[in-house]
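A.B. asks: Structure file upload13.cif (mmCIF, C-alpha atoms) right here:
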```cif
data_data
loop_
_atom_site.group_PDB
_atom_site.id
_atom_site.type_symbol
_atom_site.label_atom_id
_atom_site.label_comp_id
_atom_site.auth_asym_id
_atom_site.auth_seq_id
_atom_site.Cartn_x
_atom_site.Cartn_y
_atom_site.Cartn_z
ATOM 1 C CA MET A 18 -0.173 16.471 -2.660
ATOM 2 C CA HIS A 19 -3.251 14.469 -1.657
ATOM 3 C CA PRO A 20 -2.442 10.752 -1.899
ATOM 4 C CA VAL A 21 -5.601 9.853 -3.861
ATOM 5 C CA ILE A 22 -6.798 10.964 -7.312
ATOM 6 C CA THR A 23 -10.299 10.492 -8.731
ATOM 7 C CA VAL A 24 -11.077 8.902 -12.074
ATOM 8 C CA THR A 25 -12.427 12.243 -13.307
ATOM 9 C CA ASP A 26 -9.208 14.071 -12.484
ATOM 10 C CA LEU A 27 -6.999 11.373 -13.985
ATOM 11 C CA ALA A 28 -9.042 11.222 -17.201
ATOM 12 C CA ALA A 29 -8.567 14.984 -17.609
ATOM 13 C CA GLN A 30 -4.766 14.741 -17.548
ATOM 14 C CA PRO A 31 -2.815 15.006 -20.825
ATOM 15 C CA LYS A 32 -1.702 11.767 -22.417
ATOM 16 C CA GLY A 33 1.352 10.890 -24.444
ATOM 17 C CA SER A 34 3.538 13.750 -23.257
ATOM 18 C CA PRO A 35 5.979 14.408 -20.418
ATOM 19 C CA ALA A 36 3.168 16.276 -18.664
ATOM 20 C CA GLY A 37 1.100 13.096 -18.471
ATOM 21 C CA ALA A 38 1.372 10.924 -15.385
ATOM 22 C CA ALA A 39 3.321 7.685 -15.390
ATOM 23 C CA LEU A 40 0.704 4.978 -14.859
ATOM 24 C CA LEU A 41 1.515 1.843 -12.865
ATOM 25 C CA ASP A 42 -0.768 -1.211 -12.876
ATOM 26 C CA VAL A 43 -0.082 -3.188 -9.693
ATOM 27 C CA ARG A 44 -2.727 -5.903 -9.818
ATOM 28 C CA TRP A 45 -2.020 -8.411 -7.075
ATOM 29 C CA GLN A 46 -3.929 -10.848 -4.896
ATOM 30 C CA LEU A 47 -2.723 -12.598 -1.782
ATOM 31 C CA GLY A 48 -2.047 -16.162 -2.857
ATOM 32 C CA GLY A 49 -2.515 -15.415 -6.581
ATOM 33 C CA PRO A 50 -3.313 -15.641 -9.395
ATOM 34 C CA PRO A 51 -0.568 -13.507 -10.959
ATOM 35 C CA GLY A 52 -1.692 -10.069 -12.105
ATOM 36 C CA ARG A 53 0.136 -9.987 -15.432
ATOM 37 C CA PRO A 54 -2.487 -11.943 -17.458
ATOM 38 C CA ALA A 55 -5.258 -9.646 -16.216
ATOM 39 C CA TYR A 56 -3.146 -6.628 -17.140
ATOM 40 C CA GLU A 57 -2.575 -7.956 -20.650
ATOM 41 C CA ALA A 58 -6.316 -8.565 -21.048
ATOM 42 C CA GLY A 59 -7.015 -4.864 -20.470
ATOM 43 C CA HIS A 60 -5.411 -1.946 -18.667
ATOM 44 C CA LEU A 61 -5.503 1.839 -18.532
ATOM 45 C CA PRO A 62 -4.038 3.337 -21.701
ATOM 46 C CA GLY A 63 -0.282 3.695 -21.359
ATOM 47 C CA ALA A 64 -0.051 1.839 -18.034
ATOM 48 C CA HIS A 65 2.985 -0.310 -17.276
ATOM 49 C CA TYR A 66 2.625 -3.477 -15.212
ATOM 50 C CA VAL A 67 4.668 -3.714 -12.019
ATOM 51 C CA ASP A 68 4.954 -7.033 -10.185
ATOM 52 C CA LEU A 69 4.491 -6.644 -6.447
ATOM 53 C CA ASP A 70 6.159 -9.891 -5.412
ATOM 54 C CA THR A 71 9.353 -9.427 -7.445
ATOM 55 C CA GLU A 72 9.705 -5.649 -7.991
ATOM 56 C CA LEU A 73 8.013 -4.118 -4.932
ATOM 57 C CA ALA A 74 9.340 -6.640 -2.419
ATOM 58 C CA GLY A 75 12.427 -8.696 -1.747
ATOM 59 C CA PRO A 76 12.411 -12.496 -1.466
ATOM 60 C CA PRO A 77 10.404 -13.823 1.481
ATOM 61 C CA GLY A 78 12.396 -14.933 4.485
ATOM 62 C CA ALA A 79 13.209 -14.015 8.065
ATOM 63 C CA ALA A 80 12.260 -10.370 7.403
ATOM 64 C CA GLY A 81 8.742 -11.368 6.324
ATOM 65 C CA ARG A 82 6.804 -12.312 3.201
ATOM 66 C CA HIS A 83 7.201 -8.900 1.536
ATOM 67 C CA PRO A 84 10.355 -7.213 2.845
ATOM 68 C CA LEU A 85 11.714 -4.063 1.272
ATOM 69 C CA PRO A 86 12.860 -4.674 -2.306
ATOM 70 C CA ASP A 87 16.380 -4.542 -3.598
ATOM 71 C CA ILE A 88 16.820 -0.872 -4.473
ATOM 72 C CA ALA A 89 18.380 -1.644 -7.854
ATOM 73 C CA VAL A 90 15.466 -3.900 -8.831
ATOM 74 C CA PHE A 91 12.897 -1.360 -7.658
ATOM 75 C CA THR A 92 14.677 1.501 -9.426
ATOM 76 C CA ALA A 93 14.857 -0.434 -12.699
ATOM 77 C CA ALA A 94 11.123 -1.203 -12.539
ATOM 78 C CA MET A 95 10.256 2.430 -11.927
ATOM 79 C CA ARG A 96 12.487 3.679 -14.741
ATOM 80 C CA ARG A 97 10.991 1.129 -17.140
ATOM 81 C CA ALA A 98 7.558 2.568 -16.275
ATOM 82 C CA GLY A 99 8.728 6.099 -17.050
ATOM 83 C CA VAL A 100 9.003 7.331 -13.475
ATOM 84 C CA GLY A 101 11.132 10.405 -12.932
ATOM 85 C CA PRO A 102 11.455 12.933 -10.104
ATOM 86 C CA ASP A 103 9.469 15.649 -11.883
ATOM 87 C CA ARG A 104 6.710 13.455 -13.337
ATOM 88 C CA ASP A 105 3.469 12.643 -11.536
ATOM 89 C CA VAL A 106 2.833 8.961 -10.865
ATOM 90 C CA VAL A 107 -0.591 7.318 -10.552
ATOM 91 C CA VAL A 108 -0.875 3.727 -9.358
ATOM 92 C CA TYR A 109 -3.916 1.463 -9.443
ATOM 93 C CA ASP A 110 -4.897 -2.165 -9.080
ATOM 94 C CA GLY A 111 -7.963 -4.277 -9.689
ATOM 95 C CA GLY A 112 -9.040 -5.028 -6.155
ATOM 96 C CA LEU A 113 -8.922 -3.507 -2.701
ATOM 97 C CA GLY A 114 -6.178 -0.998 -3.472
ATOM 98 C CA TRP A 115 -3.556 -2.870 -1.471
ATOM 99 C CA GLY A 116 -1.125 -3.423 -4.349
ATOM 100 C CA ALA A 117 -1.463 0.179 -5.477
ATOM 101 C CA ALA A 118 -0.898 1.413 -1.935
ATOM 102 C CA ARG A 119 2.267 -0.669 -1.637
ATOM 103 C CA ALA A 120 3.644 1.020 -4.778
ATOM 104 C CA TRP A 121 2.552 4.436 -3.472
ATOM 105 C CA TRP A 122 4.239 3.845 -0.127
ATOM 106 C CA LEU A 123 7.492 2.571 -1.645
ATOM 107 C CA LEU A 124 7.774 5.517 -4.006
ATOM 108 C CA ARG A 125 7.064 7.959 -1.184
ATOM 109 C CA TRP A 126 9.550 6.125 1.064
ATOM 110 C CA ALA A 127 12.097 6.323 -1.765
ATOM 111 C CA GLY A 128 11.697 10.089 -2.027
ATOM 112 C CA HIS A 129 9.176 10.614 -4.839
ATOM 113 C CA GLU A 130 6.727 13.318 -3.739
ATOM 114 C CA ARG A 131 4.198 13.253 -6.598
ATOM 115 C CA VAL A 132 2.505 9.879 -6.261
ATOM 116 C CA ARG A 133 -1.220 9.159 -6.018
ATOM 117 C CA VAL A 134 -3.488 6.115 -5.937
ATOM 118 C CA LEU A 135 -6.469 5.950 -8.297
ATOM 119 C CA ASP A 136 -9.553 6.003 -6.072
ATOM 120 C CA GLY A 137 -11.595 2.869 -6.710
ATOM 121 C CA GLY A 138 -8.961 1.450 -9.041
ATOM 122 C CA LEU A 139 -9.719 -0.310 -12.306
ATOM 123 C CA ALA A 140 -13.370 -0.849 -11.365
ATOM 124 C CA ALA A 141 -13.973 2.883 -10.970
ATOM 125 C CA TRP A 142 -12.297 3.568 -14.308
ATOM 126 C CA THR A 143 -14.448 1.079 -16.217
ATOM 127 C CA ALA A 144 -17.605 2.082 -14.325
ATOM 128 C CA ALA A 145 -17.069 5.596 -15.662
ATOM 129 C CA GLY A 146 -17.132 4.196 -19.206
ATOM 130 C CA LEU A 147 -13.470 4.963 -19.814
ATOM 131 C CA PRO A 148 -11.424 2.828 -22.203
ATOM 132 C CA LEU A 149 -8.931 0.069 -21.633
ATOM 133 C CA GLU A 150 -6.269 -1.149 -24.022
ATOM 134 C CA THR A 151 -4.463 -4.437 -24.523
ATOM 135 C CA ASP A 152 -1.310 -3.150 -26.210
ATOM 136 C CA VAL A 153 1.677 -3.378 -23.883
ATOM 137 C CA PRO A 154 3.625 -0.118 -24.056
ATOM 138 C CA ALA A 155 7.321 -0.182 -24.797
ATOM 139 C CA ASP A 156 9.689 0.268 -21.891
ATOM 140 C CA GLU A 157 10.361 3.908 -21.125
ATOM 141 C CA GLU A 158 13.533 5.614 -19.932
ATOM 142 C CA GLY A 159 12.639 7.245 -16.658
ATOM 143 C CA ASP A 160 15.328 8.860 -14.561
ATOM 144 C CA PHE A 161 14.020 7.963 -11.112
ATOM 145 C CA THR A 162 16.669 7.648 -8.409
ATOM 146 C CA ALA A 163 15.675 6.226 -5.055
ATOM 147 C CA ALA A 164 16.491 8.123 -1.884
ATOM 148 C CA PRO A 165 15.238 5.723 0.833
ATOM 149 C CA GLY A 166 14.049 7.026 4.166
ATOM 150 C CA ALA A 167 11.577 9.736 3.189
ATOM 151 C CA LEU A 168 8.846 7.882 5.109
ATOM 152 C CA PRO A 169 9.468 6.265 8.494
ATOM 153 C CA VAL A 170 9.726 2.522 8.984
ATOM 154 C CA LEU A 171 9.667 0.412 12.123
ATOM 155 C CA THR A 172 11.690 -2.620 13.126
ATOM 156 C CA ALA A 173 10.075 -5.315 15.263
ATOM 157 C CA ASP A 174 11.583 -3.855 18.429
ATOM 158 C CA GLU A 175 10.487 -0.348 17.464
ATOM 159 C CA ALA A 176 6.942 -1.555 16.772
ATOM 160 C CA ALA A 177 6.787 -3.190 20.195
ATOM 161 C CA ALA A 178 8.015 -0.017 21.881
ATOM 162 C CA LEU A 179 5.562 2.141 19.940
ATOM 163 C CA ALA A 180 2.674 -0.079 21.039
ATOM 164 C CA ARG A 181 3.581 0.802 24.621
ATOM 165 C CA ARG A 182 4.111 4.547 24.272
ATOM 166 C CA GLY A 183 1.983 5.519 21.260
ATOM 167 C CA VAL A 184 -0.566 3.952 18.901
ATOM 168 C CA LEU A 185 0.242 0.831 16.902
ATOM 169 C CA LEU A 186 -2.558 -0.065 14.493
ATOM 170 C CA ASP A 187 -3.081 -3.646 13.349
ATOM 171 C CA ALA A 188 -4.651 -3.391 9.880
ATOM 172 C CA ARG A 189 -5.675 -7.056 9.561
ATOM 173 C CA ALA A 190 -9.162 -8.529 9.818
ATOM 174 C CA PRO A 191 -10.585 -8.667 13.370
ATOM 175 C CA GLU A 192 -10.540 -12.465 13.512
ATOM 176 C CA ARG A 193 -6.837 -12.552 12.733
ATOM 177 C CA TYR A 194 -6.134 -9.783 15.248
ATOM 178 C CA ARG A 195 -8.007 -11.668 17.979
ATOM 179 C CA GLY A 196 -6.236 -14.912 17.113
ATOM 180 C CA ASP A 197 -9.463 -16.744 16.244
ATOM 181 C CA THR A 198 -7.830 -17.911 13.026
ATOM 182 C CA GLU A 199 -4.526 -17.552 11.213
ATOM 183 C CA PRO A 200 -4.609 -18.837 7.634
ATOM 184 C CA ILE A 201 -1.080 -17.783 6.642
ATOM 185 C CA ASP A 202 1.392 -17.271 9.460
ATOM 186 C CA PRO A 203 2.591 -19.825 12.069
ATOM 187 C CA VAL A 204 1.150 -18.094 15.143
ATOM 188 C CA ALA A 205 -2.245 -16.451 15.681
ATOM 189 C CA GLY A 206 -2.791 -13.207 17.583
ATOM 190 C CA HIS A 207 -1.369 -9.700 17.591
ATOM 191 C CA ILE A 208 1.489 -7.574 18.892
ATOM 192 C CA PRO A 209 0.795 -6.783 22.569
ATOM 193 C CA GLY A 210 -0.726 -3.325 22.920
ATOM 194 C CA ALA A 211 -1.725 -2.987 19.264
ATOM 195 C CA VAL A 212 -5.188 -1.689 18.351
ATOM 196 C CA ASN A 213 -7.227 -3.259 15.553
ATOM 197 C CA ALA A 214 -8.227 -0.943 12.670
ATOM 198 C CA PRO A 215 -8.974 -3.153 9.634
ATOM 199 C CA THR A 216 -7.869 -1.822 6.269
ATOM 200 C CA THR A 217 -11.181 -2.866 4.719
ATOM 201 C CA GLU A 218 -12.918 -0.122 6.706
ATOM 202 C CA ASN A 219 -10.904 2.606 4.942
ATOM 203 C CA VAL A 220 -13.119 2.309 1.869
ATOM 204 C CA THR A 221 -16.772 1.936 0.983
ATOM 205 C CA PRO A 222 -17.741 -1.741 0.779
ATOM 206 C CA ASP A 223 -19.538 -1.451 -2.555
ATOM 207 C CA THR A 224 -17.086 0.619 -4.624
ATOM 208 C CA GLY A 225 -13.731 0.422 -2.848
ATOM 209 C CA VAL A 226 -13.530 4.227 -2.871
ATOM 210 C CA PHE A 227 -11.804 5.833 0.106
ATOM 211 C CA LEU A 228 -13.990 7.396 2.762
ATOM 212 C CA PRO A 229 -13.820 11.201 2.925
ATOM 213 C CA GLY A 230 -10.901 12.543 4.911
ATOM 214 C CA GLU A 231 -13.053 13.706 7.811
ATOM 215 C CA GLU A 232 -14.645 10.262 8.145
ATOM 216 C CA LEU A 233 -11.240 8.600 8.077
ATOM 217 C CA ALA A 234 -9.997 11.026 10.732
ATOM 218 C CA ALA A 235 -12.977 10.204 12.957
ATOM 219 C CA ARG A 236 -12.453 6.466 12.474
ATOM 220 C CA PHE A 237 -8.788 6.639 13.400
ATOM 221 C CA ALA A 238 -9.438 8.981 16.333
ATOM 222 C CA LYS A 239 -11.542 6.229 17.920
ATOM 223 C CA ALA A 240 -8.420 4.076 17.868
ATOM 224 C CA GLY A 241 -6.334 6.872 19.387
ATOM 225 C CA ALA A 242 -4.618 7.824 16.124
ATOM 226 C CA THR A 243 -4.631 11.602 15.736
ATOM 227 C CA PRO A 244 -2.240 14.097 14.128
ATOM 228 C CA GLU A 245 -0.694 14.700 17.554
ATOM 229 C CA ALA A 246 -0.121 11.013 18.358
ATOM 230 C CA GLU A 247 2.860 8.860 17.433
ATOM 231 C CA VAL A 248 1.319 6.287 15.097
ATOM 232 C CA GLY A 249 2.595 3.073 13.547
ATOM 233 C CA VAL A 250 0.940 0.436 11.368
ATOM 234 C CA TYR A 251 1.438 -3.233 10.645
ATOM 235 C CA CYS A 252 -0.547 -5.928 8.855
ATOM 236 C CA GLY A 253 0.259 -9.425 7.627
ATOM 237 C CA SER A 254 3.266 -8.635 5.450
ATOM 238 C CA GLY A 255 3.461 -4.895 4.849
ATOM 239 C CA VAL A 256 1.012 -4.672 1.927
ATOM 240 C CA SER A 257 -2.403 -3.835 3.380
ATOM 241 C CA GLY A 258 -0.566 -1.853 6.058
ATOM 242 C CA ALA A 259 0.609 0.506 3.304
ATOM 243 C CA HIS A 260 -3.065 1.073 2.476
ATOM 244 C CA GLU A 261 -3.613 2.047 6.107
ATOM 245 C CA VAL A 262 -0.694 4.490 6.020
ATOM 246 C CA LEU A 263 -2.211 6.012 2.875
ATOM 247 C CA ALA A 264 -5.634 6.346 4.532
ATOM 248 C CA LEU A 265 -4.011 7.954 7.555
ATOM 249 C CA ALA A 266 -2.205 10.396 5.249
ATOM 250 C CA ALA A 267 -5.527 11.271 3.618
ATOM 251 C CA ALA A 268 -6.802 12.059 7.121
ATOM 252 C CA GLY A 269 -3.777 14.234 7.905
ATOM 253 C CA ILE A 270 -2.139 11.710 10.236
ATOM 254 C CA PRO A 271 1.507 10.721 9.597
ATOM 255 C CA ALA A 272 2.383 7.115 10.405
ATOM 256 C CA ALA A 273 5.319 4.725 10.267
ATOM 257 C CA LEU A 274 5.050 1.277 8.664
ATOM 258 C CA TYR A 275 6.381 -1.917 10.194
ATOM 259 C CA VAL A 276 7.248 -3.554 6.872
ATOM 260 C CA GLY A 277 7.966 -7.025 8.249
ATOM 261 C CA SER A 278 4.608 -6.992 10.047
ATOM 262 C CA TRP A 279 3.046 -10.168 11.458
ATOM 263 C CA SER A 280 4.857 -12.407 8.952
ATOM 264 C CA GLU A 281 8.142 -11.393 10.593
ATOM 265 C CA TRP A 282 6.903 -10.968 14.165
ATOM 266 C CA SER A 283 5.252 -14.402 14.384
ATOM 267 C CA THR A 284 8.312 -16.399 13.319
ATOM 268 C CA ALA A 285 10.817 -15.393 15.995
ATOM 269 C CA GLY A 286 9.200 -16.353 19.309
ATOM 270 C CA ARG A 287 8.163 -12.799 20.158
ATOM 271 C CA PRO A 288 5.323 -12.091 22.629
ATOM 272 C CA VAL A 289 1.810 -12.623 21.288
ATOM 273 C CA ALA A 290 -1.518 -11.312 22.572
ATOM 274 C CA THR A 291 -4.933 -12.728 21.727
ATOM 275 C CA GLY A 292 -8.542 -11.765 22.261
ATOM 276 C CA PRO A 293 -10.337 -8.432 21.831
ATOM 277 C CA GLN A 294 -8.423 -5.194 21.911
ATOM 278 C CA PRO A 295 -8.002 -3.232 25.133
ATOM 279 C CA GLY A 296 -11.077 -1.311 26.247
#
```
Just give me the structure of the file as structure tokens.
C.D. replies:
Amino acid sequence: MHPVITVTDLAAQPKGSPAGAALLDVRWQLGGPPGRPAYEAGHLPGAHYVDLDTELAGPPGAAGRHPLPDIAVFTAAMRRAGVGPDRDVVVYDGGLGWGAARAWWLLRWAGHERVRVLDGGLAAWTAAGLPLETDVPADEEGDFTAAPGALPVLTADEAAALARRGVLLDARAPERYRGDTEPIDPVAGHIPGAVNAPTTENVTPDTGVFLPGEELAARFAKAGATPEAEVGVYCGSGVSGAHEVLALAAAGIPAALYVGSWSEWSTAGRPVATGPQPG
């Protein structure tokens, strides 16, 4: 299944029946504000709100700002949203697609094979003249059961080793990669050997719609990431990096995610590189 679905294709799906997709609204912004008020002000019909910080991540700590969630908490959130093994899931957010991609990645990692991200998110839906609703749907009774490990993850040591033998993509902004600035974490720079491939370049700047698969493949090939290469991804805390893994999947390139990412790496005295990426 392609990891992205268009507004046109989603609007054509049946509603209000088991055949209809479970819709997850994962509006989230780094540093806030919370996404729940925006969801309550208007969301896709039938969509359930999922909180990234509390249901798609564990408490921040030594493993990073957004470590893997407690499986019981994640499972309960998915079941409440009507997720089951035989039901399609579509996730969206109101911004860059990072929150939606985090939900997509977690569900895929937990063994669900029928998950897609709405291309362009809420903005694309409303731009198409499609309706929103303010009624909050009742909790559903999905029968999702997590089976972690369906997508590969990297530890800090594994990410460092991959940067030496394969391709480790740093999905953050170029200025953070170079170490020019670091607004969040205690140390500026990047994992030695990593190559910068900013998540923001996966989509068109005006609409937030993903680039066509062939354009994504060409972009990643310039960084050395091809279907034949061993590829890993990290970002600040494992959220925008999930967006990069999704874009790589759309280009036919499998990749592992270092969930702890820079928020874990930069707090333990590990080696740090700065400056432009290797020529």
A.B. asks: Write out as a VMD selection string each polymer residue whose atoms come within 9 Å of segment 234-239 of chain A, counting all atoms listed in the file; drop sequence neighbours fewer than 6 positions from it.
C.D. replies: chain A and resid 214 218 to 219 264 to 265 267 to 270
A.B. asks: To one decimal place in Å, what is the distance between atom CA of Pro76 of chain A and atom CA of Ala117 of chain A?
C.D. replies: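 Computed distance, atom CA of Pro76 of chain A to atom CA of Ala117 of chain A, equals 19.2 Å.
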A.B. asks: Kindly resolve the PyMOL selection byres ((chain A and resi 273-285) around 8) on the present coordinates and return the residues as a ChimeraX atom specification.
C.D. replies: /A:79-85,168-173,176,202-205,207-208,248-255,258-259,262,271-272,286-287,289
A.B. asks: So which one's closest to Leu40 of chain A, A:Pro20, A:Pro165, A:Pro148, A:Gly99? Using all atoms listed in the file, please.
C.D. replies: A:Gly99
A.B. asks: List the neighbours of segment 123-134 of chain A out to 10 Å using all atoms listed in the file; skip same-chain residues closer than 4 positions along the sequence, and give me the result as an mmCIF file with C-alpha atoms, keeping the file's coordinate frame.
C.D. replies:
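Saved result, selection.cif, follows:
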```
data_model
loop_
_atom_site.group_PDB
_atom_site.id
_atom_site.type_symbol
_atom_site.label_atom_id
_atom_site.label_comp_id
_atom_site.auth_asym_id
_atom_site.auth_seq_id
_atom_site.Cartn_x
_atom_site.Cartn_y
_atom_site.Cartn_z
ATOM 1 C CA MET A 18 -0.173 16.471 -2.660
ATOM 2 C CA HIS A 19 -3.251 14.469 -1.657
ATOM 3 C CA PRO A 20 -2.442 10.752 -1.899
ATOM 4 C CA VAL A 21 -5.601 9.853 -3.861
ATOM 5 C CA ILE A 22 -6.798 10.964 -7.312
ATOM 6 C CA THR A 23 -10.299 10.492 -8.731
ATOM 7 C CA ALA A 38 1.372 10.924 -15.385
ATOM 8 C CA ALA A 39 3.321 7.685 -15.390
ATOM 9 C CA LEU A 40 0.704 4.978 -14.859
ATOM 10 C CA LEU A 41 1.515 1.843 -12.865
ATOM 11 C CA LEU A 73 8.013 -4.118 -4.932
ATOM 12 C CA ALA A 74 9.340 -6.640 -2.419
ATOM 13 C CA LEU A 85 11.714 -4.063 1.272
ATOM 14 C CA PRO A 86 12.860 -4.674 -2.306
ATOM 15 C CA ILE A 88 16.820 -0.872 -4.473
ATOM 16 C CA PHE A 91 12.897 -1.360 -7.658
ATOM 17 C CA THR A 92 14.677 1.501 -9.426
ATOM 18 C CA MET A 95 10.256 2.430 -11.927
ATOM 19 C CA VAL A 100 9.003 7.331 -13.475
ATOM 20 C CA GLY A 101 11.132 10.405 -12.932
ATOM 21 C CA PRO A 102 11.455 12.933 -10.104
ATOM 22 C CA ASP A 103 9.469 15.649 -11.883
ATOM 23 C CA ARG A 104 6.710 13.455 -13.337
ATOM 24 C CA ASP A 105 3.469 12.643 -11.536
ATOM 25 C CA VAL A 106 2.833 8.961 -10.865
ATOM 26 C CA VAL A 107 -0.591 7.318 -10.552
ATOM 27 C CA VAL A 108 -0.875 3.727 -9.358
ATOM 28 C CA TYR A 109 -3.916 1.463 -9.443
ATOM 29 C CA ASP A 110 -4.897 -2.165 -9.080
ATOM 30 C CA GLY A 114 -6.178 -0.998 -3.472
ATOM 31 C CA GLY A 116 -1.125 -3.423 -4.349
ATOM 32 C CA ALA A 117 -1.463 0.179 -5.477
ATOM 33 C CA ALA A 118 -0.898 1.413 -1.935
ATOM 34 C CA ARG A 119 2.267 -0.669 -1.637
ATOM 35 C CA GLY A 138 -8.961 1.450 -9.041
ATOM 36 C CA PHE A 161 14.020 7.963 -11.112
ATOM 37 C CA THR A 162 16.669 7.648 -8.409
ATOM 38 C CA ALA A 163 15.675 6.226 -5.055
ATOM 39 C CA ALA A 164 16.491 8.123 -1.884
ATOM 40 C CA PRO A 165 15.238 5.723 0.833
ATOM 41 C CA GLY A 166 14.049 7.026 4.166
ATOM 42 C CA ALA A 167 11.577 9.736 3.189
ATOM 43 C CA LEU A 168 8.846 7.882 5.109
ATOM 44 C CA PRO A 169 9.468 6.265 8.494
ATOM 45 C CA VAL A 170 9.726 2.522 8.984
ATOM 46 C CA ALA A 259 0.609 0.506 3.304
ATOM 47 C CA HIS A 260 -3.065 1.073 2.476
ATOM 48 C CA LEU A 263 -2.211 6.012 2.875
#
```
A.B. asks: Can you list, as a PDB file with C-alpha atoms, in the coordinates of the input, every protein, DNA or RNA residue that comes within 9 Å of Leu61 of chain A when you count all atoms listed in the file, leaving out same-chain residues fewer than 6 positions away?
C.D. replies:
```pdb
ATOM      1  CA  LEU A  40       0.704   4.978 -14.859  1.00  0.00           C
ATOM      2  CA  ASP A  42      -0.768  -1.211 -12.876  1.00  0.00           C
ATOM      3  CA  LEU A 139      -9.719  -0.310 -12.306  1.00  0.00           C
ATOM      4  CA  TRP A 142     -12.297   3.568 -14.308  1.00  0.00           C
ATOM      5  CA  LEU A 147     -13.470   4.963 -19.814  1.00  0.00           C
ATOM      6  CA  PRO A 148     -11.424   2.828 -22.203  1.00  0.00           C
ATOM      7  CA  LEU A 149      -8.931   0.069 -21.633  1.00  0.00           C
ATOM      8  CA  GLU A 150      -6.269  -1.149 -24.022  1.00  0.00           C
ATOM      9  CA  THR A 151      -4.463  -4.437 -24.523  1.00  0.00           C
TER      10      THR A 151
END
```
A.B. asks: Which value, in Å to one decimal, gives the distance between atom CA of Asp223 of chain A and atom CA of Trp115 of chain A?
C.D. replies: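 Straight-line distance from atom CA of Asp223 of chain A to atom CA of Trp115 of chain A works out to 16.1 Å.
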A.B. asks: So, counting all atoms listed in the file, which residue among A:Ala140, A:Val256, A:Ala98, A:Ala180 is closest to Glu158 of chain A?
C.D. replies: A:Ala98
A.B. asks: Give me, please, the distance in Å between atom CA of Asp70 of chain A and atom CA of Pro50 of chain A, quoted to one decimal.
C.D. replies: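 Result for atom CA of Asp70 of chain A versus atom CA of Pro50 of chain A: 11.8 Å, one decimal.
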A.B. asks: Hey, which of A:Glu247, A:Gly225, A:Ser257, A:Pro77 ends up closest to Ala188 of chain A? Count all atoms listed in the file.
C.D. replies: A:Ser257
A.B. asks: Can you list, as a list in words, the residues that the PyMOL selection byres ((chain A and resi 45) around 8) selects here?
C.D. replies: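 When the PyMOL selection byres ((chain A and resi 45) around 8) is applied to the shown file, the picked residues are Val43, Arg44, Gln46, Leu47, Gly49, Pro50, Pro51, Gly52, Asp68, Leu69, Asp110, Gly111, Gly112 and Gly116 of chain A.
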A.B. asks: Neighbours of Arg97 of chain A within 7 Å (only C-alpha atoms; same-chain residues fewer than 5 positions away dropped), as a short mmCIF file (atom, residue, chain, number, x, y, z; two decimals) with C-alpha atoms, keeping the file's coordinate frame?
C.D. replies:
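Output contents, as saved in around.cif:
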```cif
data_model
loop_
_atom_site.label_atom_id
_atom_site.label_comp_id
_atom_site.auth_asym_id
_atom_site.auth_seq_id
_atom_site.Cartn_x
_atom_site.Cartn_y
_atom_site.Cartn_z
CA ASP A 156 9.69 0.27 -21.89
CA GLU A 157 10.36 3.91 -21.12
CA GLU A 158 13.53 5.61 -19.93
CA GLY A 159 12.64 7.24 -16.66
#
```
A.B. asks: Nearest to Pro288 of chain A among A:Leu185, A:Ala177, A:Ala93, A:Ala246, with distances taken over only C-alpha atoms: which residue is it?
C.D. replies: A:Ala177
A.B. asks: Report as a count of residues only the full result of the PyMOL selection byres ((chain A and resi 191) around 10) when it is applied to this structure.
C.D. replies: 18
A.B. asks: Which one is closest to Glu261 of chain A: A:Asp87, A:Ala64, A:Thr216, A:Arg96? Count all atoms listed in the file.
C.D. replies: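 When distances to Glu261 of chain A are compared using all atoms listed in the file, the smallest one comes from A:Thr216.
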A.B. asks: Since the input lacks atoms, please generate N, CA, C and O atoms for segment 178-183 of chain A and provide them as a compact mmCIF listing (two decimals), keeping the file's coordinate frame.
C.D. replies:
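Saved the output as rebuild.txt:
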```txt
# COMPACT_ATOMS: atom_id res chain seq x y z
N ALA A 178 7.88 -1.19 21.02
CA ALA A 178 8.02 -0.02 21.88
C ALA A 178 6.93 1.01 21.58
O ALA A 178 6.37 1.63 22.50
N LEU A 179 6.60 1.18 20.30
CA LEU A 179 5.56 2.14 19.94
C LEU A 179 4.20 1.72 20.47
O LEU A 179 3.39 2.56 20.88
N ALA A 180 3.95 0.41 20.50
CA ALA A 180 2.67 -0.08 21.04
C ALA A 180 2.52 0.28 22.51
O ALA A 180 1.40 0.43 23.01
N ARG A 181 3.64 0.46 23.20
CA ARG A 181 3.58 0.80 24.62
C ARG A 181 3.45 2.31 24.85
O ARG A 181 2.75 2.74 25.78
N ARG A 182 4.09 3.11 23.99
CA ARG A 182 4.11 4.55 24.27
C ARG A 182 3.20 5.36 23.36
O ARG A 182 2.89 6.52 23.65
N GLY A 183 2.79 4.79 22.23
CA GLY A 183 1.98 5.52 21.26
C GLY A 183 0.80 4.70 20.80
O GLY A 183 0.12 4.05 21.61
```
